[in-house]
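Quick notes on the structure that follows.
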Amino acid sequence: MQSELLEQLQSWHEQDEFGRIIERIEAIPETERDYNLIGQLARAYNNTGRYREAVEQLLSVHQQGASDPLWQYRLGYAYCYIANYEQALLAFERADELMPHDESTLEFLRQIRPEADKMRRDRQRHEEELAAFEQSGIQNHLRAASGTYDPATFWVESDYAQDNHVSDPFDEEEIGSIEQELGYKLPASYIQLMNTQNGGIPALTVFPTKEATSWAEDHIAISSLMGIGHDKIYALAGEMGSRFMIEDWGYPDLGIVICDCPSAGHDVVMLDYRFCGPEGEPCVVHVDQENDYEITYLAPNFEAFIRGLVDEETYDLSDEENED
């Protein structure tokens with residue numbers, strides 16, 4: 001029976017019938033799935049873009065998989081496509097140790113090593129900036145005006161924003177629903193800001209960067225902030241919300257898309273949970289589809305990002321406008 005099932009699963013795999021593989025294995029009680037079935041399910045999840053679920057399945061049999069090059073390869077593949085390059089590198093290096101000279105593994109290693117190095121640098125910067133921000137004593141203070149931030153003047157009013165971005169006020173039940181749907185806990189400072197207005201267009205739309213992006217040498221721009229809800233098209237769980245950008249536009253599933261940019265979807269700003277886990281305090285990154293989903297670190301947390309926004313007149317945008 002087991003051999004016949006594995007043969008059928010392999011046949012479906014060769015026909016790209018990954019959904020049928022998932023449906024068949026998921027119909028089997030979890031307690032009855034052995035190592036081979038879990039590996040097949042993880043492979044099918046990888047082939048349908050369900051990378052976080054693939055990681056979860058593979059880690060459930062990590063003791064058996066530790067010495068299996070195919071298990072290591074599948075784990076590295078899943079980590080790679082959620083942009084967890086540090087863990088992906090470890091898995092592919094172990095796969096190479098267990099089965100040297102595999103060309104697919106070597107190709108991933110060539111691609112991932114520079115990304116893993118960049119992720120390590122970003123992690124170090126994140127730890128340093130987060131410590132400095134926490135020492136400032138202003139964390140989770142977006143309810144009231146302080147410094148350059150003023151909730152009374154933060155949002156720009158317009159009919160377009162009201163129709164497409166500004167969601168109705170939310171309650172704890174709505175927060176829980178959104179968090180469950182997206183798979184991540186929303187930062188307290190994000191919730192505080194959305195209590196002033198639930199999504200919309202900010203008055204300050206430019207954030208300085210320490211490295212160049214496709215947008216500019218020293219900054220990125222945003223066009224809106226997504227609200228907590230399902231109703232508006234640009235809400236977190238709306239028609240063009242976070243999951244849409246990840247599942248339909250191919251952005252890495254490293255967290256939550258919170259801002260769209262003037263490129264109309266070709267770059268976004270995301271809450272990045274790679275350093276903290278889904279329940280932790282995420283940093284903020286810019287992800288550039290036009291540059292192979294390049295990730296640029298922006299701020300140690302959401303509040304630091306909001307407080308770091310500046311007016312577009314701070315920069316001479318004439319060159320960018322001429323390029324458009």
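Ligands are numbered from 1 in the order shown, chains are lettered A, B, ... in the order of the structure tokens, and residues start at 1 in each chain.
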(message) Show me, as an MDAnalysis selection string, the residues that have an atom within 6 Å of range 275-290 of chain A when counting only C-alpha atoms, minus same-chain residues fewer than 5 positions from it.
(response) chainID A and resid 184:185 266:270 295:301
Go ahead and dump the residues you just picked, C-alpha atoms, as a PDB file, in the first residue's frame.
ATOM      1  CA  TYR A 184       2.229  37.238  12.295  1.00  0.00           C
ATOM      2  CA  LYS A 185       1.595  39.350  15.404  1.00  0.00           C
ATOM      3  CA  HIS A 266       7.073  46.931  -8.163  1.00  0.00           C
ATOM      4  CA  ASP A 267       8.492  47.718  -4.740  1.00  0.00           C
ATOM      5  CA  VAL A 268       6.964  47.636  -1.256  1.00  0.00           C
ATOM      6  CA  VAL A 269       7.792  48.189   2.407  1.00  0.00           C
ATOM      7  CA  MET A 270       7.385  45.193   4.720  1.00  0.00           C
ATOM      8  CA  ILE A 295      15.857  43.483   0.509  1.00  0.00           C
ATOM      9  CA  THR A 296      17.073  46.793   1.955  1.00  0.00           C
ATOM     10  CA  TYR A 297      17.045  47.250   5.712  1.00  0.00           C
ATOM     11  CA  LEU A 298      15.308  50.460   6.793  1.00  0.00           C
ATOM     12  CA  ALA A 299      14.536  50.608  10.519  1.00  0.00           C
ATOM     13  CA  PRO A 300      14.718  48.458  13.691  1.00  0.00           C
ATOM     14  CA  ASN A 301      10.935  48.604  14.257  1.00  0.00           C
TER      15      ASN A 301
END
Each residue of range 28-75 of chain A with at least one atom at most 7 Å from range 84-93 of chain A should appear once, together with its nearest atom pair and the corresponding distance in Å (one decimal); atoms considered: only C-alpha atoms; ordering: chain, then increasing residue number; output as a tab-separated table.
residue	atom	partner	partner_atom	distance
A:Gln72	CA	A:Ala91	CA	5.1
A:Tyr73	CA	A:Phe92	CA	5.8
A:Leu75	CA	A:Ala91	CA	6.4
(message) I want to know what sits within 12 Å of Phe302 in chain A, based on only C-alpha atoms, with residues of the same chain fewer than 5 positions away left out; could you give that as number ranges by chain?
(response) A: 130, 133, 139-142, 186-193, 225, 256, 258-259, 269-273, 281-285, 307-309
Write a file of the just-selected residues containing N, CA, C and O atoms, as a short mmCIF file (atom, residue, chain, number, x, y, z; two decimals), in the first residue's frame.
data_model
loop_
_atom_site.label_atom_id
_atom_site.label_comp_id
_atom_site.auth_asym_id
_atom_site.auth_seq_id
_atom_site.Cartn_x
_atom_site.Cartn_y
_atom_site.Cartn_z
N LEU A 130 18.23 48.70 17.31
CA LEU A 130 17.13 48.41 18.22
C LEU A 130 17.52 48.75 19.66
O LEU A 130 16.72 49.32 20.41
N PHE A 133 17.36 52.47 20.04
CA PHE A 133 15.99 52.97 20.06
C PHE A 133 15.32 52.68 21.39
O PHE A 133 14.61 53.52 21.94
N GLN A 139 9.60 54.23 22.78
CA GLN A 139 8.95 53.12 22.08
C GLN A 139 7.47 53.01 22.44
O GLN A 139 7.08 53.18 23.59
N ASN A 140 6.65 52.73 21.42
CA ASN A 140 5.20 52.58 21.57
C ASN A 140 4.54 53.85 22.10
O ASN A 140 3.67 53.81 22.96
N HIS A 141 4.96 54.99 21.56
CA HIS A 141 4.41 56.28 21.96
C HIS A 141 3.79 57.01 20.77
O HIS A 141 3.90 58.23 20.67
N LEU A 142 3.16 56.28 19.87
CA LEU A 142 2.57 56.91 18.69
C LEU A 142 1.16 57.42 18.95
O LEU A 142 0.48 57.86 18.04
N LEU A 186 0.90 41.65 14.99
CA LEU A 186 1.11 43.05 14.62
C LEU A 186 1.82 43.80 15.73
O LEU A 186 1.50 43.62 16.91
N PRO A 187 2.77 44.67 15.40
CA PRO A 187 3.46 45.46 16.42
C PRO A 187 2.49 46.41 17.14
O PRO A 187 1.56 46.94 16.53
N ALA A 188 2.74 46.63 18.43
CA ALA A 188 1.89 47.53 19.21
C ALA A 188 1.89 48.94 18.61
O ALA A 188 0.85 49.61 18.58
N SER A 189 3.04 49.40 18.13
CA SER A 189 3.12 50.75 17.58
C SER A 189 2.30 50.87 16.29
O SER A 189 1.72 51.92 16.01
N TYR A 190 2.23 49.79 15.52
CA TYR A 190 1.41 49.80 14.31
C TYR A 190 -0.07 49.94 14.67
O TYR A 190 -0.81 50.72 14.07
N ILE A 191 -0.49 49.17 15.67
CA ILE A 191 -1.88 49.25 16.13
C ILE A 191 -2.19 50.64 16.66
O ILE A 191 -3.26 51.21 16.39
N GLN A 192 -1.25 51.24 17.38
CA GLN A 192 -1.45 52.59 17.91
C GLN A 192 -1.66 53.60 16.78
O GLN A 192 -2.56 54.44 16.84
N LEU A 193 -0.82 53.52 15.75
CA LEU A 193 -0.96 54.45 14.64
C LEU A 193 -2.30 54.27 13.94
O LEU A 193 -2.96 55.25 13.58
N LEU A 225 -0.11 53.70 3.64
CA LEU A 225 0.05 52.70 4.69
C LEU A 225 -1.24 51.88 4.78
O LEU A 225 -2.34 52.45 4.79
N ILE A 256 4.92 41.00 6.67
CA ILE A 256 3.68 41.65 6.25
C ILE A 256 3.98 42.87 5.39
O ILE A 256 4.77 43.74 5.78
N ILE A 258 3.20 46.39 4.34
CA ILE A 258 2.46 47.46 5.01
C ILE A 258 2.34 48.73 4.18
O ILE A 258 1.46 49.55 4.44
N CYS A 259 3.23 48.92 3.21
CA CYS A 259 3.20 50.15 2.40
C CYS A 259 3.33 49.80 0.93
O CYS A 259 4.17 48.98 0.56
N VAL A 269 7.17 48.19 1.09
CA VAL A 269 7.79 48.19 2.41
C VAL A 269 7.11 47.11 3.23
O VAL A 269 5.88 46.98 3.20
N MET A 270 7.91 46.32 3.96
CA MET A 270 7.39 45.19 4.72
C MET A 270 7.87 45.20 6.16
O MET A 270 8.97 45.70 6.45
N LEU A 271 7.05 44.66 7.05
CA LEU A 271 7.50 44.26 8.38
C LEU A 271 8.22 42.93 8.21
O LEU A 271 7.67 41.98 7.66
N ASP A 272 9.47 42.86 8.69
CA ASP A 272 10.33 41.70 8.47
C ASP A 272 10.51 40.96 9.80
O ASP A 272 11.12 41.48 10.74
N TYR A 273 10.01 39.73 9.87
CA TYR A 273 10.03 38.94 11.10
C TYR A 273 11.15 37.91 11.11
O TYR A 273 11.17 37.04 11.99
N GLU A 281 8.99 41.44 17.60
CA GLU A 281 8.94 42.82 17.12
C GLU A 281 9.73 42.92 15.82
O GLU A 281 10.96 42.83 15.82
N PRO A 282 9.07 43.09 14.68
CA PRO A 282 9.77 43.05 13.39
C PRO A 282 10.51 44.33 13.08
O PRO A 282 10.14 45.41 13.56
N CYS A 283 11.55 44.20 12.27
CA CYS A 283 12.17 45.39 11.69
C CYS A 283 11.40 45.75 10.41
O CYS A 283 10.42 45.11 10.05
N VAL A 284 11.84 46.80 9.73
CA VAL A 284 11.16 47.28 8.53
C VAL A 284 12.15 47.27 7.37
O VAL A 284 13.29 47.73 7.52
N VAL A 285 11.73 46.73 6.24
CA VAL A 285 12.60 46.62 5.07
C VAL A 285 11.87 47.09 3.82
O VAL A 285 10.65 47.10 3.76
N ARG A 307 8.80 57.46 12.62
CA ARG A 307 9.49 58.67 13.08
C ARG A 307 10.60 59.11 12.13
O ARG A 307 11.03 60.26 12.16
N GLY A 308 11.04 58.19 11.26
CA GLY A 308 12.10 58.53 10.32
C GLY A 308 11.61 59.06 8.99
O GLY A 308 12.42 59.50 8.15
N LEU A 309 10.30 59.06 8.75
CA LEU A 309 9.76 59.59 7.49
C LEU A 309 9.99 61.10 7.41
O LEU A 309 9.85 61.81 8.41
#
(request) Report the distance between CA of Phe108 in chain A and CA of Asp16 in chain A in Å, rounded to one decimal place. (result) 22.0 Å
(request) Select from range 57-207 of chain A everything DSSP, run on the backbone, classes as strand (DSSP E), then give the selection as a ChimeraX atom specification. (result) /A:155-156,201-202,206-207
Can you build me a table of range 222-306 of chain A residues sitting at most 10 Å from range 163-166 of chain A, with the closest atom pair per residue and its distance in Å to one decimal, using only C-alpha atoms, sorted by chain and residue number, as CSV?
residue,atom,partner,partner_atom,distance
A:Ser224,CA,A:His165,CA,7.8
A:Leu225,CA,A:His165,CA,7.8
A:Met226,CA,A:His165,CA,6.6
A:Gly227,CA,A:Val166,CA,6.5
A:Ile228,CA,A:Val166,CA,9.2
A:Gly229,CA,A:Val166,CA,9.4
A:Asp231,CA,A:Asn164,CA,9.1
A:Lys232,CA,A:Asn164,CA,5.4
A:Ile233,CA,A:Asn164,CA,5.7
A:Tyr234,CA,A:His165,CA,5.4
A:Ala235,CA,A:His165,CA,6.3
A:Leu236,CA,A:His165,CA,9.8
A:Gly238,CA,A:His165,CA,9.6
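Ranking A:Asn291, A:Ser136, A:Gln40, A:Gln197 by their shortest atom-to-atom distance to Ile21 in chain A, with only C-alpha atoms included, puts A:Gln40 first.
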(request) Would you work out the distance separating CA of Glu181 in chain A from CA of Ala304 in chain A, expressed in Å to one decimal? (result)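 Going from CA of Glu181 in chain A over to CA of Ala304 in chain A covers 25.5 Å.
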(message) I'd like the contact shell of range 60-71 of chain A - 9 Å cut-off, only C-alpha atoms, skipping same-chain residues fewer than 5 positions apart - returned as number ranges by chain.
(response) A: 35, 38-39, 55, 76, 91-92, 94-99
Include N, CA, C and O atoms and write out the residues we just selected as an mmCIF file, in the first residue's frame.
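Once written, selection_1.cif looks like this:
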data_model
loop_
_atom_site.group_PDB
_atom_site.id
_atom_site.type_symbol
_atom_site.label_atom_id
_atom_site.label_comp_id
_atom_site.auth_asym_id
_atom_site.auth_seq_id
_atom_site.Cartn_x
_atom_site.Cartn_y
_atom_site.Cartn_z
ATOM 1 N N TYR A 35 7.926 9.455 7.609
ATOM 2 C CA TYR A 35 8.971 10.366 7.129
ATOM 3 C C TYR A 35 8.863 10.612 5.626
ATOM 4 O O TYR A 35 8.977 11.755 5.162
ATOM 5 N N ILE A 38 5.816 12.870 4.766
ATOM 6 C CA ILE A 38 6.062 14.253 5.174
ATOM 7 C C ILE A 38 7.017 14.927 4.192
ATOM 8 O O ILE A 38 6.839 16.093 3.829
ATOM 9 N N GLY A 39 8.009 14.184 3.731
ATOM 10 C CA GLY A 39 8.918 14.743 2.725
ATOM 11 C C GLY A 39 8.208 15.057 1.422
ATOM 12 O O GLY A 39 8.452 16.103 0.798
ATOM 13 N N VAL A 55 8.610 24.328 5.620
ATOM 14 C CA VAL A 55 9.569 24.365 6.726
ATOM 15 C C VAL A 55 8.996 23.667 7.950
ATOM 16 O O VAL A 55 9.665 22.850 8.607
ATOM 17 N N GLY A 76 16.513 23.825 2.699
ATOM 18 C CA GLY A 76 17.217 24.998 2.181
ATOM 19 C C GLY A 76 16.408 25.726 1.123
ATOM 20 O O GLY A 76 16.364 26.961 1.092
ATOM 21 N N ALA A 91 21.516 24.790 5.534
ATOM 22 C CA ALA A 91 20.912 23.565 5.008
ATOM 23 C C ALA A 91 21.612 23.116 3.721
ATOM 24 O O ALA A 91 21.912 21.917 3.556
ATOM 25 N N PHE A 92 21.874 24.040 2.814
ATOM 26 C CA PHE A 92 22.521 23.648 1.554
ATOM 27 C C PHE A 92 23.977 23.226 1.790
ATOM 28 O O PHE A 92 24.487 22.325 1.107
ATOM 29 N N ARG A 94 25.025 21.693 4.437
ATOM 30 C CA ARG A 94 24.923 20.329 4.970
ATOM 31 C C ARG A 94 24.559 19.344 3.861
ATOM 32 O O ARG A 94 25.105 18.231 3.811
ATOM 33 N N ALA A 95 23.682 19.741 2.948
ATOM 34 C CA ALA A 95 23.344 18.870 1.814
ATOM 35 C C ALA A 95 24.578 18.582 0.976
ATOM 36 O O ALA A 95 24.784 17.448 0.510
ATOM 37 N N ASP A 96 25.431 19.588 0.807
ATOM 38 C CA ASP A 96 26.657 19.410 0.023
ATOM 39 C C ASP A 96 27.636 18.482 0.730
ATOM 40 O O ASP A 96 28.343 17.698 0.074
ATOM 41 N N GLU A 97 27.682 18.547 2.059
ATOM 42 C CA GLU A 97 28.538 17.634 2.806
ATOM 43 C C GLU A 97 28.067 16.194 2.649
ATOM 44 O O GLU A 97 28.883 15.273 2.499
ATOM 45 N N LEU A 98 26.770 16.000 2.692
ATOM 46 C CA LEU A 98 26.196 14.655 2.636
ATOM 47 C C LEU A 98 26.220 14.071 1.226
ATOM 48 O O LEU A 98 26.345 12.846 1.057
ATOM 49 N N MET A 99 26.071 14.943 0.207
ATOM 50 C CA MET A 99 26.098 14.479 -1.178
ATOM 51 C C MET A 99 26.875 15.507 -2.008
ATOM 52 O O MET A 99 26.280 16.386 -2.644
#
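Going from CA of Leu41 in chain A to CA of Ile22 in chain A covers 6.0 Å.
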(request) Can you pull out every residue within 12 Å of Trp155 in chain A, counting only C-alpha atoms, but drop anything in the same chain fewer than 5 positions away, and send it as a list in words? (result) Tyr149, Asp150, Ala161, Gln162, His165, Val166, Leu193, Met194, Thr196, Gln197, Asn198, Gly199, Gly200, Ile201, Pro202, Ala203, Leu204, Thr205, Ser223, Ser224, Leu225 and Ile306 of chain A
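Distance annotation: of A:Asn195, A:Ser242, A:Gln111, A:Thr148, the residue with the minimal separation from Gly183 in chain A is A:Ser242; atom set is only C-alpha atoms.
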(request) Might you pull out every residue within 8 Å of Tyr81 in chain A, with only C-alpha atoms counted and same-chain residues fewer than 5 positions away left off, and present them as number ranges by chain? (result) A: 51, 252-253
(message) For a quick check of understanding, using only C-alpha atoms, which of A:Trp249, A:Ser104, A:Tyr315, A:Ala116 has the smallest distance to Asp218 in chain A?
(response) A:Tyr315
